[in-house]
Amino acid sequence: MKNVDSKSHVRGESIYLDDIPLVQGTLFACVYDSTVAHGKLKSIDTTEAEKSEGVVKIITAKDLIGENQIGGILPDEPLFADAEVHFQGMPVALVLAETEEQARHAAKKIMAEIEPLEIVTDPRIAFAKGDLIVPPKHFKLGDAEEAFKDCEYVFEGRADVNGQEHLYIETQGAYSIPTEQGGIKVYSSTQGPTAVQRCVSRVTALPMHQIEVDVTRLGGAFGGKEDQANAWAALCAVGTQLTKRPVKYALHRMEDMRMTGKRNPYSADYKIGLDKDLKIVAYEVVFYQNAGASADLSPPVLERTLFHCTNAYFVPNVTATAYSCRTNLPPNTAFRGFGGPQGMFVIESAIAHAAEKLNVSASEIQNKNLINDGDKFPYGQIAESEAVTTWTQANEKFDFAQFQKEADEFNQQNKFVKKGVALMPICFGISFTKTPMNQARALVHVYTDGSVAVSTGAVEMGQGVNTKIAQVAACVFSLPIDRIKVHTTNTLRIANTSPTAASAAADLNGHATQIACETILKRLKDVAKDLVEAQSADDVTIENGFVFRNGESTDLDWVTLVNEGHMQRVNMSEHAHYATAGLHFDWGTASGHPFAYHVYGTAIVGATVDCLRGIYTIDFVKACHDFGNSMNTSIDYGQIEGGIVQGIGWMTMEEVVYDAQGKLRSNALSTYKIPDIYSVPKTIEFIPLETMRENLAIFNSKAVGEPPLMYGIGAYFAIRNAVKAFNNENSPAFDAPFTPEKVLMNLYAVDFKKMKAGK
Amino acid sequence: MIKFVLNNQPVQTDLPAGMTVLDFVRYHKNLKGTKIGCREGDCGACTILVGELNGNSVKYLSMTSCLMPLSNARGKHIVTVEGINRPDGELTEVQQAIVDESGTQCGFCTVGFVMSLTGFCVDETEKSCESAISSIDGNICRCTGYKSIERAAEKLTQILNQKNEQSRLGFAAEKGIVPGYFSDIKNRLETLKDLPTNEFYEAENRPQTHDAKHGAEDQYTSEKSRTKIENRKSFVGGGTDLYVQNPEEMVDATTANLFDDSDLRFIEETNDSIEVGASTVVTDLLVSPIFRRIFPNLYAHLKLVSSTPIRNMATLAGNFVNASPIGDMTAWFLALDATIVFNNEREIPLREFYIGYKKLAKTDDEFVTKIRFRKNFSHFNFEKVSKRTCLDISSVNTAISLNVENALIANAHVSAGGVAPIPLYLRKTSEFLRGKEINDTTILEANEILQSEISPISDVRGSAEYKRLLARQLFTAHFVELFDYQ
């Protein structure tokens with residue numbers, strides 16, 4: 001079953017924010033943003049800009065009717081800089097003009113006087129200064145301190161992992177239109193329509209029922225349009241409120257890159273203790289998260305780093321501490337994996353470190369420590385584990401040992417080209433870790449022509465959630481998929497939604513859709529029961545558009561049934577609610593059962609390094625992945641391939657660079673590189689885990705959005721192994737991404753010192 | 001007044017000649033299928049096809065509409081996705097292949113892929129999986145990881161190889177890859193042919209603010225290097241640098257279009273040298289039998305230079321005049337010790353063209369008309385390393401030409417980019433190599449001289465230390481590549 005949107009995508013007929021037909025009188029917005037990362041905002045001079053052709057209004061903090069505040073989790077993020085600026089790219093003023101060109105032209109004429117303050121970009125420095133976003137978070141299982149004393153081997157080290165630019169190809173944007181009685185309708189390119197609604201409500205001081213947020217679809221998001229979409233919607237809405245005119249703002253790429261936050265970079269210190277059989281007995285880790293200038297989503301990202309700090313391993317004694325450190329960078333935010341991948345990178349580094357010192361393969365340590373059924377995660381949840389089964393099935397099918405042997409032989413024969421392989425097991429918890437967010441609603445209408453309209457809180461952003469929801473409705477009603485239409489995500493139809501995030505949208509909204517459809521179906525079966533003279537409604541089924549009685553087809557078709565239902569004044573609409581059962585978590589004890597289930601998998605990654613030039617290719621990724629029972633393989637396989645490549649990008653070429661002044665140097669597609677068609681692995685191959693186990697996913701089809709990204713971490717270690725094959729004396733620092741620069745510098749670490757000495 | 005054919009419609013417009021085709025089709029013609037991703041030719045979401053009369057037929061090339069001024073559309077056939085969509089709502093073979101292989105997720109980049117692959121279907125090149133992939137090497141997708149798109153390209157290649165004797169365009173029309181009206185485009189373009197193509201376009205009622213020099217191949221320039229806008233007339237080639245550097249100013253700039261000047265687009269061989277017109281684009285080199293003969297690794301080397309749509313637009317002289325220290329084609333021609341000839345017939349060595357950071361030894365009225373280099377070399381190599389191997393800007397690039405006679409280097413020219421404020425001709429290194437044998441000592445000593453000639457700085461493309469090390473490695477790589485030296 002192909003993505004229901006694919007036909008309109010290839011014909012260029014899908015409607016994204018910038019494609020919405022313009023309403024007459026629309027004004028265009030452009031932000032004037034801070035060019036200083038930290039300072040006191042002394043004055044803003046808009047005189048020249050106001051005189052600029054076409055300018056209708058210039059808005060600053062003082063013009064707001066509501067509160068100057070857009071922080072979602074913590075109220076620590078002003079919409080407009082007021083007394084201070086906290087990062088380069090922070091909005092200072094908004095120009096509204098008759099055309100986009102005029103708005104951009106005028107914005108360049110604004111001047112702000114800013115008295116510089118000290119700029120911090122390094123989380124460890126922020127930590128040393130005590131500048132934390134929230135109090136530290138801790139996980140503790142067993143007693144690591146005590147356990148280290150009995151360990152045969154103990155290794156300590158540091159791991160750093162950089163951020164990642166989302167680089168959705170559609171930039172951020174919003175379009176707000178005045179409605180009657182002072183209301184505002186906002187089209188927004190957001191993963192969180194309710195978050196936008198709340199945020200707009202706050203800055204306009206309008207009650208939420210005055211604000212309608214509508215989302216057709218996103219041209220990619222990856223977490224970057226969760227809370228980060230709020231500002232643009234708020235700016236447009238404020239513009240509409242103050243001018244009574246429609247206001248549109250679709251960001252240019254460089255504006256988007258410099259003004260929005262990215263995946264949180266982390267620096268971490270680890271200590272790992274093993275017994276003589278290579279069992280990990282104790283693990284201690286301290287994470288320093290680079291949160292940027294305000295909370296945004298960094299606190300829950302930090303929490304998920306802790307949730308995944310032991311990846312797919314069972315470690316009986318864990319002490320994990322995490323600090324969310326405030327720096328003068330744009331507020332960092334959600335990105336596919338939501339802190340989990342950063343946590344996993346650190347324990348994989350610790351394992352690689354131990355393996356290197358003990359002169360064993362990292363895979364040996366990985367294999368011996370995979371989590372099993374009944375083992376406890378550091379947060380108390382008991383594992384229903386597929387870690388060992390995916391590991392075993394991956395190796396049965398693809399045989400890591402053979403790849404290793406081939407690489408070793410190749411490396412013996414080749415001086416300037418080296419191969420490296422690595423294994424990467426993953427384990428990712430599915431559910432919002434904030435338990436109350438695990439709820440969703442769906443509104444289903446059956447019309448008198450038999451067609452079905454579905455609205456949910458899920459936002460379609462390429463992940464295929466609309467297709468899965470349509471499948472649910474089509475399956476319950478037993479109708480062809482073209483009889484179902486999944487409509488825009490709209491806060492008037494579905495209220496108080498959780499964002500489309502945490503890989504959970506299909507599960508939550510799919511279940512709500514299922515409940516709504518089943519409720520309507522039950523009513524229609526009652527109608528059908530009399531029409532086909534069945535004993536009870538239980539004897540009635542609907543299959544492929546016809547009513548069946550005791551398993552036998554009748555003449556009663558779906559459309560006739562629906563019409564009869566309407567005549568009998570039966571409710572053929574349903575608004576259903578779903579909340580994931582059994583979830584709880586208490587931060588007081590840092591324990592509970594936060595996840596509906598986990599997704600597991602194991603990947604083998606191979607890399608080749610050109611040791612003359614310091615460049616590399618990722619040759620293959622071969623994995624066994626736990627889909628549960630995929631309800632749509634073409635969508636789910638696409639998520640796997642896309643996730644793997646995005647993860648490899650994060651670990652290799654994608655390098656977010658800020659200078660000491662907090663200025664983004666990798667500020668365009670020419671300076672920030674994401675994988676192109678030539679840089680992806682020649683082979684990506686995977687097999688679905690064969691399992692009969694039940695799970696809480698919709699139709700038993702496990703969430704697939706985030707987990708595969710983490711296979712990409714294997715690319716880092718495959719490259720590292722190849723680099724070590726060339727220069728075994730050098731132990732490359734655990735510092736992702738492994739850019740060609742780092743590769744070359746590590747290959748020639750010794751030579752380089754000589755060059756510097758002038759030899 | 002600019003006239004051209006947009007899809008199946010004749011267009012004449014008085015809008016500023018400097019407006020991009022992207023803005024024109026989206027916001028003035030309401031053709032919203034063409035998407036805006038980056039406005040700097042780096043994502044391909046805005047890819048369109050540009051058809052141009054070529055002898056008895058129309059030749060179509062993919063281009064990024066974000067960097068293409070309306071003036072460069074004059075007299076051509078501009079094709080957006082709306083121009084290939086079938087009215088019955090059915091999908092073309094290209095579209096169907098992408099749907100069948102699930103090659104679209106969020107859909108935002110998809111139309112760019114559709115257009116690039118459609119261009120692949122109608123160009124006369126050989127059809128292989130490799131060439132299909134190469135046609136979409138300028139299209140970035142953030143969702144799929146490309147594997148599904150690769151499968152779609154493979155499927156499409158199989159279909160295209162069913163062709164018999166007919167032309168590619170004829171076959172594509174027969175298969176419904178392009179609509180029937182394409183068959184009449186040649187005639188329609190003929191009627192537009194007599195219009196002047198090389199006039200100066202005056203901006204309307206606005207101050208003539210603009211810096212431009214001469215279109216460009218290396219589109220990439222750091223923010224710092226964005227040149228001051230001056231009040232003078234200027235020249236535009238492919239626009240691939242100017243529209244990255246000064247997109248807003250370019251709209252109303254007074255420019256002379258050099259892109260469509262057929263007198264500036266040629267490759268000619270004489271007894272001892274080659275002459276190349278200034279507006280020759282990189283793709284012209286790729287398909288030139290002369291270049292293919294002289295540079296055996298031409299495809300492998302030029303694959304490292306930008307992407308298919310940019311190579312279709314970017315002119316050689318544009319790359320030279322842009323004066324980017326990391327211009328790939330500049331490094332290439334420096335190592336050929338090429339000379340450049342201006343419109344007033346003045347001729348200077350390319351290595352004397354650069355007198356400081358973005359400073360050129362030319363007057364405002366001068367523009368490059370041709371490039372000349374001698375064929376007296378036996379070996380040539382080009383090396384480039386960037387964060388991403390393809391469609392990226394060099395951290396360091398270098399080229400070398402050698403004339404080796406009786407195991408001695410009779411003549412040598414070496415260049416390097418990314419290691420100085422200007423594209424660097426390595427004079428001392430080149431001189432040192434002359435008369436030497438190729439052995440360890442020569443390479444080691446030459447490398448030391450090279451290190452004394454370069455002065456890299458740390459930036460987003462790498463630290464100074466890295467660039468020094470990389471320059472050493474890539475210089476060595478020349479000898480590894482050319483002489484299998486280990």
# chains A, B, ... in the order shown; residues from 1 in each chain; ligands from 1
$ residues_around --residues "A:Gln181" --least-positions-apart "4" --cutoff "12 Å" --atoms "only C-alpha atoms" --output "ChimeraX atom specification"
/A:185,206-207,209-211,241,244
$ residues_around --residues "B:Glu275" --least-positions-apart "2" --cutoff "10 Å" --atoms "only C-alpha atoms" --output "JSON, numbers by chain"
{"B": [266, 267, 268, 269, 270, 273, 277, 278, 338, 339, 340, 370, 371, 372, 373, 374]}
$ write_last_selection --atoms "C-alpha atoms" --output "compact mmCIF listing (two decimals), in the first residue's frame"
# COMPACT_ATOMS: atom_id res chain seq x y z
CA PHE B 266 32.68 27.10 -28.21
CA ILE B 267 35.53 24.66 -27.82
CA GLU B 268 38.11 24.72 -30.61
CA GLU B 269 41.34 22.87 -31.15
CA THR B 270 44.35 24.12 -33.06
CA SER B 273 46.35 24.66 -28.19
CA GLY B 277 34.60 30.41 -25.15
CA ALA B 278 34.05 32.27 -21.90
CA ALA B 338 45.80 29.00 -19.36
CA THR B 339 45.52 32.56 -20.59
CA ILE B 340 42.35 34.62 -20.78
CA LYS B 370 37.86 33.20 -24.31
CA ILE B 371 40.31 30.95 -22.54
CA ARG B 372 43.33 29.46 -24.23
CA PHE B 373 45.72 26.72 -23.13
CA ARG B 374 48.50 24.77 -24.76
$ residues_around --residues "stretch 30-46 of chain B" --least-positions-apart "5" --cutoff "9 Å" --atoms "only C-alpha atoms" --output "ChimeraX atom specification"
/A:9,11-15,18-19,21,168-171,252-254,668-670 /B:22,24-25,63-67,80-82,108-113,116,136-141,219-220,240-241,243-245,247,306-307,309-310,391-392
$ residues_around --residues "stretch 579-586 of chain A" --least-positions-apart "4" --cutoff "8 Å" --atoms "only C-alpha atoms" --output "NGL selection string"
:A and (433-435 or 438-440 or 508 or 590-596)
$ write_last_selection --atoms "C-alpha atoms" --output "CSV table (one decimal), in the first residue's frame"
chain,number,residue,atom,x,y,z
A,433,THR,CA,8.0,10.1,28.5
A,434,LYS,CA,5.7,12.7,29.9
A,435,THR,CA,2.8,10.3,30.5
A,438,ASN,CA,0.0,9.9,25.6
A,439,GLN,CA,-3.5,10.7,24.5
A,440,ALA,CA,-5.1,11.4,21.2
A,508,LEU,CA,-2.1,7.2,19.4
A,590,ALA,CA,13.1,8.3,38.8
A,591,SER,CA,11.3,5.0,38.1
A,592,GLY,CA,8.1,3.6,36.6
A,593,HIS,CA,6.8,2.3,33.3
A,594,PRO,CA,7.2,5.1,30.9
A,595,PHE,CA,7.0,3.2,27.6
A,596,ALA,CA,4.3,1.2,25.9
$ residues_around --residues "B:Leu189" --least-positions-apart "2" --cutoff "12 Å" --atoms "only C-alpha atoms" --output "ChimeraX atom specification"
/B:3-6,8-11,50-59,73-78,182-187,191-195
$ select_by_dssp --residues "stretch 420-482 of chain B" --states "strand (DSSP E or B)" --output "PyMOL selection string"
chain B and resi 424-425+437+459+462
$ write_last_selection --atoms "C-alpha atoms" --output "mmCIF file, in the first residue's frame"
data_model
loop_
_atom_site.group_PDB
_atom_site.id
_atom_site.type_symbol
_atom_site.label_atom_id
_atom_site.label_comp_id
_atom_site.auth_asym_id
_atom_site.auth_seq_id
_atom_site.Cartn_x
_atom_site.Cartn_y
_atom_site.Cartn_z
ATOM 1 C CA LEU B 424 46.842 29.905 -6.251
ATOM 2 C CA TYR B 425 49.257 29.050 -9.010
ATOM 3 C CA GLU B 437 62.847 12.731 -11.754
ATOM 4 C CA ASP B 459 37.122 28.502 8.458
ATOM 5 C CA GLY B 462 38.535 23.215 7.911
#
$ atom_distance --atom1 "atom CA of B:Met313" --atom2 "atom CA of B:Gly239"
7.6 Å
$ residues_around --residues "stretch 345-353 of chain B" --least-positions-apart "6" --cutoff "10 Å" --atoms "only C-alpha atoms" --output "compact mmCIF listing (two decimals) with N, CA and C atoms, in the first residue's frame"
# COMPACT_ATOMS: atom_id res chain seq x y z
N PHE B 320 36.07 31.98 -13.06
CA PHE B 320 37.34 32.72 -12.96
C PHE B 320 37.11 34.09 -12.33
N VAL B 321 36.08 34.77 -12.83
CA VAL B 321 35.87 36.15 -12.42
C VAL B 321 35.34 36.24 -10.99
N ALA B 323 36.50 34.72 -8.68
CA ALA B 323 37.76 34.82 -7.93
C ALA B 323 37.71 34.12 -6.59
N THR B 330 38.78 27.12 -11.73
CA THR B 330 39.92 28.04 -11.72
C THR B 330 41.20 27.27 -11.44
N ALA B 331 41.13 26.40 -10.41
CA ALA B 331 42.31 25.58 -10.10
C ALA B 331 42.69 24.73 -11.32
N PHE B 333 42.20 25.27 -14.57
CA PHE B 333 42.82 26.00 -15.68
C PHE B 333 44.14 26.68 -15.28
N LEU B 334 44.29 26.96 -13.99
CA LEU B 334 45.59 27.48 -13.55
C LEU B 334 46.67 26.43 -13.80
N ALA B 335 46.31 25.18 -13.57
CA ALA B 335 47.30 24.11 -13.75
C ALA B 335 47.54 23.81 -15.22
N LEU B 336 46.73 24.40 -16.09
CA LEU B 336 47.00 24.28 -17.53
C LEU B 336 47.78 25.50 -18.00
N ASP B 337 48.08 26.37 -17.04
CA ASP B 337 48.72 27.66 -17.34
C ASP B 337 47.97 28.38 -18.47
N ALA B 338 46.65 28.40 -18.33
CA ALA B 338 45.80 29.00 -19.36
C ALA B 338 45.96 30.52 -19.38
N THR B 339 45.61 31.10 -20.50
CA THR B 339 45.52 32.56 -20.59
C THR B 339 44.06 32.91 -20.84
N LYS B 359 40.20 40.53 -5.96
CA LYS B 359 40.65 41.65 -6.78
C LYS B 359 41.19 41.11 -8.09
N LEU B 360 40.72 41.70 -9.18
CA LEU B 360 41.07 41.18 -10.50
C LEU B 360 41.84 42.21 -11.31
N ALA B 361 42.75 41.70 -12.15
CA ALA B 361 43.50 42.58 -13.04
C ALA B 361 42.67 42.84 -14.30
N LYS B 362 41.56 43.54 -14.09
CA LYS B 362 40.73 43.90 -15.26
C LYS B 362 39.96 45.18 -14.95
N GLU B 366 35.93 45.56 -19.11
CA GLU B 366 36.45 44.33 -19.71
C GLU B 366 35.65 43.12 -19.25
N VAL B 368 35.68 38.68 -20.02
CA VAL B 368 36.45 37.60 -20.63
C VAL B 368 35.67 37.07 -21.83
N THR B 369 36.36 36.86 -22.92
CA THR B 369 35.69 36.27 -24.09
C THR B 369 36.16 34.85 -24.37
N LYS B 370 37.43 34.60 -24.11
CA LYS B 370 37.86 33.20 -24.31
C LYS B 370 39.06 32.83 -23.44
N ILE B 371 39.26 31.54 -23.37
CA ILE B 371 40.31 30.95 -22.54
C ILE B 371 41.15 30.09 -23.48
N ARG B 372 42.45 30.19 -23.32
CA ARG B 372 43.33 29.46 -24.23
C ARG B 372 44.36 28.67 -23.42
N PHE B 373 44.61 27.44 -23.78
CA PHE B 373 45.72 26.72 -23.13
C PHE B 373 46.42 25.81 -24.12
N SER B 415 48.52 23.95 -9.26
CA SER B 415 47.67 24.97 -8.63
C SER B 415 47.06 24.39 -7.36
N ILE B 422 43.68 33.92 -2.80
CA ILE B 422 43.34 33.84 -4.22
C ILE B 422 43.49 32.39 -4.69
N PRO B 423 42.92 32.08 -5.83
CA PRO B 423 43.20 30.76 -6.42
C PRO B 423 44.68 30.76 -6.77
N LEU B 424 45.39 29.79 -6.27
CA LEU B 424 46.84 29.91 -6.25
C LEU B 424 47.52 29.07 -7.34
N TYR B 425 48.33 29.75 -8.12
CA TYR B 425 49.26 29.05 -9.01
C TYR B 425 50.54 28.86 -8.20
N LEU B 426 50.97 27.62 -8.03
CA LEU B 426 52.13 27.33 -7.17
C LEU B 426 53.40 27.48 -8.02
N ARG B 427 53.86 28.74 -8.09
CA ARG B 427 54.95 29.05 -9.00
C ARG B 427 56.24 28.32 -8.62
$ residues_around --residues "A:Gly545" --least-positions-apart "2" --cutoff "8 Å" --atoms "only C-alpha atoms" --output "VMD selection string"
chain A and resid 478 to 479 542 to 543 547 557 to 559
$ atom_distance --atom1 "atom CA of A:Asp5" --atom2 "atom CA of B:Gly119"
23.7 Å
$ select_by_dssp --residues "stretch 506-569 of chain A" --states "helix (DSSP H, G or I)" --output "JSON, numbers by chain"
{"A": [506, 507, 508, 509, 510, 511, 512, 513, 514, 515, 516, 517, 518, 519, 520, 521, 522, 523, 524, 525, 526, 527, 528, 529, 530, 531, 537, 538, 539, 558, 559, 560, 561, 562, 563, 564, 565, 566, 567]}
$ closest_residue --among "B:Val178, B:Ile84, B:Val276, B:Met1" --to "chain A" --atoms "only C-alpha atoms"
B:Ile84
$ atom_distance --atom1 "atom CA of A:Pro688" --atom2 "atom CA of A:Phe627"
6.3 Å
$ closest_residue --among "A:Arg665, A:Lys276, A:Lys248, A:Lys397" --to "chain B" --atoms "only C-alpha atoms"
A:Arg665
$ closest_residue --among "B:Leu433, B:Ala407, B:Leu470, B:Ile294" --to "B:Ile454" --atoms "only C-alpha atoms"
B:Leu470
$ closest_residue --among "B:Leu258, B:Val236, B:Leu264, B:Met19" --to "chain A" --atoms "only C-alpha atoms"
B:Met19
$ closest_residue --among "A:His38, A:Arg158, A:Arg493, A:Lys682" --to "chain B" --atoms "only C-alpha atoms"
A:Lys682
$ closest_residue --among "B:Leu316, B:Arg265, B:Asp272, B:Val305" --to "B:Arg388" --atoms "only C-alpha atoms"
B:Val305
